[in-house]
Amino acid sequence: MGTRRRASEVRQVELTDAALHIIATQGIAALNTRSLAAQVGLSTGAIFRHSASLEALLDAVVARVEAVIASTYPPRSVPPLERLERFMETRSTAVGDQLGILRLVLSEQFLLALPRGGPERLSASVQQTRAFVLDCLREALPAGEVRADLPVETLAPIVMGTVQMLALTPSIDRQRAAEARSHRQPDRAPPFARCRSCVEPRAGDSVTVNPFQHPWLSPLGKEALMTEIDRRSFLEFCAAAGGSLLLSPLTGCGRSRPDQATPQGGELLPVPLLLEGELVEGVRSFRLEVQPGSMEWVATAPTATYGINGPYLGPTLRFRRGERVRLEVKNSLEEMTTLHWHGMQLPAKSDGGPYQTIAPGATWVSEYDVIQRPMTAWYHPHQMHATARQVYMGMAGMIRVEDPAELTIDLPSTYGVDDLPLVIQDRRLFTDGTHPYSTGATLAMREGRAGLKGDTMLVNGAVRPRAVVPRGVVRLRLVNGSNARNYNLGLADGRPFQHIASDGGLLGAPVNTTRVLLGPGERAELLVDFTRDEPGAKVALQSFSGEVFAALFTGMMGANLADTRDRDTFDVMSFEVGAAPSRAIVPPSAFTPIERMAATEAVRTRELVLSMSMGGGGMGAGGGGMGRMGGVLINGASMMSLTDVPAAIDFRIPVGDSELWVVTNDSDMAHPLHIHHRHFQIVDIDGGPPPAALAGWKDTVLIRPRQVVRLLLKFEGTADSTFPYMFHCHILEHEDRGMMGRFFLVAP
């Protein structure tokens, strides 16, 4: 959509009354049902496999809504279908899009007005609701174009389907929303309480039913009401576009989110403590404590956080290849947690995944040998259904694996001086110091589906900090520690740099480039040369996200799941050049060659299909919807339990076997796939060889929409029939909603 398709490219779909009824009563989740597929002449599942078919079906739904509305209002008040498509696909400031506004009014008011039992039991409250809606419509439409005998009952089924389509529409940014608030009319109070904690109308409200309980509403519709499905964002959009058009009578309840904060930033880059551990009887021991804390990012209020040995984030752990490490992790939180060693090759019982939980007040011990090559790894929680929130609260840290052999290579290695650890995150902060994962907060449905993103950039826990670097070659160890955001990193002045390492360590040779793309969970090491800069010179590290937007988000759904930053260029941090180093570093032109594995080594091939259905959220913790109705799947299945795991995502792999994993992204947004324990090599991408930057060892790979990536893994390690390893999407909201599977290493 967006660009008009030729008629020959679109399969004509006639939406019959029966098909419309299915959508009306079951919502968009019904688009994958056999009954609807039969009605519209599509095979089951084809809607999700062929975007053109889906778009044609949505075209038909919209056209049918237009027809009903046009029969009630003069044609000149109905915009062309193309304008409506743009309204749904982008954040178009279509002030005159009266049909879009009408859809909003209907979805808000009629769903909340429908009493228990469905349209056959409409009560006197409908008359009051009709009057209220007509009043709103008179503000939205030109005078004289609203019929007083609007047939509310006949439009109810249209509304039921329409409201769930609205779940796909992107929210606006909070700055525009804040500007819109100046147009509110405080004397017009909202008629219904709308948040999860106040679903019963207040005393004196004209409508006295609880709309969340009537059985005629589909499960998806109930979840759409219980979360916000970005209805508030829709209302703020209308206000931003057209003054006080609709915001005043339809604003959410008093528990809505406060204004978004815009912290200033620019402080000196904090460098996490480098924790060496204590060597006792040949074992290097580390003591870590997960604890609550607070940070002062917002001037008006502190933000509650979690940290490891501190208020936010954790120390950098220094491991040495060939040593044995022992990590004692004490949980001083009031909730269960885990700590996963992302990128480390280790026994399953020591992995720190969702099967190694740590109760409040308890201490868990993970002990293993450091066997992999030098690399940058990291650690973070992996608590079932709570990973996204706990990472967002601040639980993460870097691991620096060293090898005496690498120290002979002429590379920057002075920690915190010319070898900088940079944990990059984004946060959405509000003026009262809270964020969407704060206690009592609830994610909107779209935040759960797209992954939570924010406008405030943090590096090592500081807002867009500045790092003073020597006037020479500097090594940047980058970790994308964000829940969901991708970064296309480069320097603002366009200077080239060398990409020397990926997830699993050094590449075969430096890659000269101006960009490095990192999905959540991925790491990279860069060499930046500041030798020619004058002391005091400054240069920003930016994400040129707009350059890769079209590659990472496709189709209507993809565009709707992206935010403003995904289409933009923005600052992450800055570098200020200081004094020249005591010794000039001259990096080599090549490193130790990486021995490539051959696909013929694989004894079996596994297919993994990453997909997202059109459903919204189902049951869940932490808001935003969770579970199979959340529509984030691997091989059509979701892992929602540690014990009842669908066979399609539950593997048994003999120790020593090599496997070829063929991963297909059958969705409209990119997904970073992470595999625990084993590093892999990318055999090919859409049939072609991987670029040089992806030709090294990896444990996380960003797979673009409709892309097919083949991975080769050799499953070495220790057999364990009790504890599995995980593989999952590293968009943490997707992981929490079941986009995850497991595998056991078993005896040959």
# chains A, B, ... in the order shown; residues from 1 in each chain; ligands from 1
$ select_by_dssp --residues "region 270-347 of chain A" --states "strand (DSSP E)" --output "PDB file with N, CA and C atoms, in the first residue's frame"
ATOM      1  N   LEU A 274      35.809  -2.456  35.558  1.00  0.00           N
ATOM      2  CA  LEU A 274      36.332  -3.696  34.991  1.00  0.00           C
ATOM      3  C   LEU A 274      36.576  -4.661  36.142  1.00  0.00           C
ATOM      4  N   LEU A 275      35.755  -5.708  36.222  1.00  0.00           N
ATOM      5  CA  LEU A 275      35.829  -6.662  37.327  1.00  0.00           C
ATOM      6  C   LEU A 275      36.735  -7.829  36.927  1.00  0.00           C
ATOM      7  N   GLU A 278      38.443 -12.946  41.471  1.00  0.00           N
ATOM      8  CA  GLU A 278      39.461 -13.382  42.421  1.00  0.00           C
ATOM      9  C   GLU A 278      39.856 -14.819  42.091  1.00  0.00           C
ATOM     10  N   LEU A 279      41.145 -15.031  41.847  1.00  0.00           N
ATOM     11  CA  LEU A 279      41.639 -16.355  41.474  1.00  0.00           C
ATOM     12  C   LEU A 279      41.906 -17.168  42.738  1.00  0.00           C
ATOM     13  N   VAL A 280      41.102 -18.230  42.941  1.00  0.00           N
ATOM     14  CA  VAL A 280      41.213 -19.082  44.123  1.00  0.00           C
ATOM     15  C   VAL A 280      41.300 -20.533  43.661  1.00  0.00           C
ATOM     16  N   VAL A 283      40.409 -21.244  40.062  1.00  0.00           N
ATOM     17  CA  VAL A 283      39.092 -20.814  39.581  1.00  0.00           C
ATOM     18  C   VAL A 283      38.951 -19.319  39.839  1.00  0.00           C
ATOM     19  N   ARG A 284      38.567 -18.583  38.797  1.00  0.00           N
ATOM     20  CA  ARG A 284      38.386 -17.137  38.945  1.00  0.00           C
ATOM     21  C   ARG A 284      36.938 -16.862  39.336  1.00  0.00           C
ATOM     22  N   SER A 285      36.728 -16.318  40.532  1.00  0.00           N
ATOM     23  CA  SER A 285      35.391 -16.122  41.090  1.00  0.00           C
ATOM     24  C   SER A 285      34.950 -14.670  40.977  1.00  0.00           C
ATOM     25  N   PHE A 286      33.685 -14.513  40.613  1.00  0.00           N
ATOM     26  CA  PHE A 286      33.056 -13.193  40.524  1.00  0.00           C
ATOM     27  C   PHE A 286      31.810 -13.199  41.407  1.00  0.00           C
ATOM     28  N   ARG A 287      31.603 -12.147  42.156  1.00  0.00           N
ATOM     29  CA  ARG A 287      30.409 -12.010  42.984  1.00  0.00           C
ATOM     30  C   ARG A 287      29.555 -10.873  42.434  1.00  0.00           C
ATOM     31  N   LEU A 288      28.351 -11.222  42.041  1.00  0.00           N
ATOM     32  CA  LEU A 288      27.429 -10.249  41.455  1.00  0.00           C
ATOM     33  C   LEU A 288      26.151 -10.203  42.279  1.00  0.00           C
ATOM     34  N   GLU A 289      25.616  -9.015  42.434  1.00  0.00           N
ATOM     35  CA  GLU A 289      24.356  -8.838  43.155  1.00  0.00           C
ATOM     36  C   GLU A 289      23.386  -8.037  42.295  1.00  0.00           C
ATOM     37  N   VAL A 290      22.250  -8.643  42.016  1.00  0.00           N
ATOM     38  CA  VAL A 290      21.184  -7.949  41.290  1.00  0.00           C
ATOM     39  C   VAL A 290      20.377  -7.168  42.315  1.00  0.00           C
ATOM     40  N   GLN A 291      20.229  -5.867  42.098  1.00  0.00           N
ATOM     41  CA  GLN A 291      19.661  -5.017  43.142  1.00  0.00           C
ATOM     42  C   GLN A 291      18.836  -3.880  42.553  1.00  0.00           C
ATOM     43  N   PRO A 292      17.886  -3.356  43.323  1.00  0.00           N
ATOM     44  CA  PRO A 292      17.145  -2.175  42.872  1.00  0.00           C
ATOM     45  C   PRO A 292      17.997  -0.926  43.005  1.00  0.00           C
ATOM     46  N   GLY A 293      17.669   0.092  42.228  1.00  0.00           N
ATOM     47  CA  GLY A 293      18.395   1.353  42.290  1.00  0.00           C
ATOM     48  C   GLY A 293      17.550   2.472  41.725  1.00  0.00           C
ATOM     49  N   SER A 294      18.172   3.574  41.423  1.00  0.00           N
ATOM     50  CA  SER A 294      17.476   4.696  40.786  1.00  0.00           C
ATOM     51  C   SER A 294      18.489   5.527  40.011  1.00  0.00           C
ATOM     52  N   MET A 295      17.999   6.188  38.955  1.00  0.00           N
ATOM     53  CA  MET A 295      18.813   7.064  38.127  1.00  0.00           C
ATOM     54  C   MET A 295      18.094   8.393  37.960  1.00  0.00           C
ATOM     55  N   GLU A 296      18.857   9.464  37.773  1.00  0.00           N
ATOM     56  CA  GLU A 296      18.277  10.797  37.622  1.00  0.00           C
ATOM     57  C   GLU A 296      18.440  11.272  36.187  1.00  0.00           C
ATOM     58  N   TRP A 297      17.765  10.591  35.267  1.00  0.00           N
ATOM     59  CA  TRP A 297      17.779  11.006  33.869  1.00  0.00           C
ATOM     60  C   TRP A 297      16.867  12.209  33.648  1.00  0.00           C
ATOM     61  N   VAL A 298      15.743  12.235  34.366  1.00  0.00           N
ATOM     62  CA  VAL A 298      14.750  13.301  34.235  1.00  0.00           C
ATOM     63  C   VAL A 298      14.927  14.258  35.402  1.00  0.00           C
ATOM     64  N   ALA A 301      12.235  14.129  38.427  1.00  0.00           N
ATOM     65  CA  ALA A 301      11.986  12.975  39.292  1.00  0.00           C
ATOM     66  C   ALA A 301      12.975  11.870  38.983  1.00  0.00           C
ATOM     67  N   PRO A 302      13.365  11.068  39.999  1.00  0.00           N
ATOM     68  CA  PRO A 302      14.244   9.927  39.746  1.00  0.00           C
ATOM     69  C   PRO A 302      13.477   8.789  39.080  1.00  0.00           C
ATOM     70  N   THR A 303      14.211   7.897  38.440  1.00  0.00           N
ATOM     71  CA  THR A 303      13.631   6.738  37.783  1.00  0.00           C
ATOM     72  C   THR A 303      14.079   5.479  38.509  1.00  0.00           C
ATOM     73  N   ALA A 304      13.132   4.654  38.932  1.00  0.00           N
ATOM     74  CA  ALA A 304      13.459   3.389  39.584  1.00  0.00           C
ATOM     75  C   ALA A 304      14.104   2.451  38.571  1.00  0.00           C
ATOM     76  N   THR A 305      15.175   1.788  38.966  1.00  0.00           N
ATOM     77  CA  THR A 305      15.946   0.944  38.058  1.00  0.00           C
ATOM     78  C   THR A 305      16.341  -0.356  38.755  1.00  0.00           C
ATOM     79  N   TYR A 306      16.916  -1.272  37.964  1.00  0.00           N
ATOM     80  CA  TYR A 306      17.637  -2.434  38.475  1.00  0.00           C
ATOM     81  C   TYR A 306      19.082  -2.317  37.999  1.00  0.00           C
ATOM     82  N   GLY A 307      19.994  -2.871  38.788  1.00  0.00           N
ATOM     83  CA  GLY A 307      21.392  -2.896  38.385  1.00  0.00           C
ATOM     84  C   GLY A 307      22.088  -4.118  38.941  1.00  0.00           C
ATOM     85  N   ILE A 308      23.328  -4.294  38.575  1.00  0.00           N
ATOM     86  CA  ILE A 308      24.144  -5.404  39.036  1.00  0.00           C
ATOM     87  C   ILE A 308      25.395  -4.807  39.671  1.00  0.00           C
ATOM     88  N   THR A 316      31.929  -4.607  33.792  1.00  0.00           N
ATOM     89  CA  THR A 316      32.465  -5.412  32.693  1.00  0.00           C
ATOM     90  C   THR A 316      33.277  -6.554  33.300  1.00  0.00           C
ATOM     91  N   LEU A 317      32.939  -7.783  32.921  1.00  0.00           N
ATOM     92  CA  LEU A 317      33.627  -8.952  33.449  1.00  0.00           C
ATOM     93  C   LEU A 317      34.792  -9.307  32.518  1.00  0.00           C
ATOM     94  N   ARG A 318      35.971  -9.474  33.089  1.00  0.00           N
ATOM     95  CA  ARG A 318      37.149  -9.813  32.300  1.00  0.00           C
ATOM     96  C   ARG A 318      37.433 -11.308  32.435  1.00  0.00           C
ATOM     97  N   PHE A 319      37.177 -12.057  31.370  1.00  0.00           N
ATOM     98  CA  PHE A 319      37.454 -13.487  31.323  1.00  0.00           C
ATOM     99  C   PHE A 319      38.731 -13.724  30.517  1.00  0.00           C
ATOM    100  N   ARG A 320      39.412 -14.807  30.846  1.00  0.00           N
ATOM    101  CA  ARG A 320      40.613 -15.200  30.124  1.00  0.00           C
ATOM    102  C   ARG A 320      40.420 -16.605  29.565  1.00  0.00           C
ATOM    103  N   ARG A 324      38.916 -21.251  34.305  1.00  0.00           N
ATOM    104  CA  ARG A 324      37.582 -21.634  34.763  1.00  0.00           C
ATOM    105  C   ARG A 324      37.027 -20.475  35.584  1.00  0.00           C
ATOM    106  N   VAL A 325      35.768 -20.113  35.337  1.00  0.00           N
ATOM    107  CA  VAL A 325      35.154 -19.005  36.064  1.00  0.00           C
ATOM    108  C   VAL A 325      34.005 -19.529  36.917  1.00  0.00           C
ATOM    109  N   ARG A 326      33.798 -18.864  38.019  1.00  0.00           N
ATOM    110  CA  ARG A 326      32.693 -19.163  38.937  1.00  0.00           C
ATOM    111  C   ARG A 326      31.974 -17.847  39.210  1.00  0.00           C
ATOM    112  N   LEU A 327      30.707 -17.804  38.885  1.00  0.00           N
ATOM    113  CA  LEU A 327      29.928 -16.576  39.054  1.00  0.00           C
ATOM    114  C   LEU A 327      28.837 -16.821  40.086  1.00  0.00           C
ATOM    115  N   GLU A 328      28.923 -16.100  41.189  1.00  0.00           N
ATOM    116  CA  GLU A 328      27.930 -16.190  42.253  1.00  0.00           C
ATOM    117  C   GLU A 328      26.985 -15.002  42.121  1.00  0.00           C
ATOM    118  N   VAL A 329      25.724 -15.285  41.822  1.00  0.00           N
ATOM    119  CA  VAL A 329      24.749 -14.235  41.542  1.00  0.00           C
ATOM    120  C   VAL A 329      23.700 -14.221  42.643  1.00  0.00           C
ATOM    121  N   LYS A 330      23.678 -13.167  43.424  1.00  0.00           N
ATOM    122  CA  LYS A 330      22.685 -13.003  44.486  1.00  0.00           C
ATOM    123  C   LYS A 330      21.544 -12.133  43.978  1.00  0.00           C
ATOM    124  N   ASN A 331      20.317 -12.564  44.228  1.00  0.00           N
ATOM    125  CA  ASN A 331      19.138 -11.822  43.802  1.00  0.00           C
ATOM    126  C   ASN A 331      18.581 -11.024  44.975  1.00  0.00           C
ATOM    127  N   HIS A 340      21.863 -14.542  32.187  1.00  0.00           N
ATOM    128  CA  HIS A 340      22.311 -15.342  31.046  1.00  0.00           C
ATOM    129  C   HIS A 340      23.600 -14.760  30.481  1.00  0.00           C
ATOM    130  N   TRP A 341      24.545 -15.640  30.174  1.00  0.00           N
ATOM    131  CA  TRP A 341      25.847 -15.233  29.646  1.00  0.00           C
ATOM    132  C   TRP A 341      25.784 -15.319  28.117  1.00  0.00           C
ATOM    133  N   HIS A 342      25.328 -14.236  27.504  1.00  0.00           N
ATOM    134  CA  HIS A 342      25.030 -14.190  26.071  1.00  0.00           C
ATOM    135  C   HIS A 342      26.323 -14.233  25.248  1.00  0.00           C
TER     136      HIS A 342
END
$ atom_distance --atom1 "CA of Arg321 (chain A)" --atom2 "CA of Asp699 (chain A)"
18.1 Å
$ residues_around --residues "Thr357 (chain A)" --least-positions-apart "5" --cutoff "8 Å" --atoms "only C-alpha atoms" --output "JSON, numbers by chain"
{"A": [336, 337, 338, 352, 383]}
$ residues_around --residues "Asp533 (chain A)" --least-positions-apart "4" --cutoff "7 Å" --atoms "only C-alpha atoms" --output "list in words"
Arg471, Ala537 and Val577 of chain A
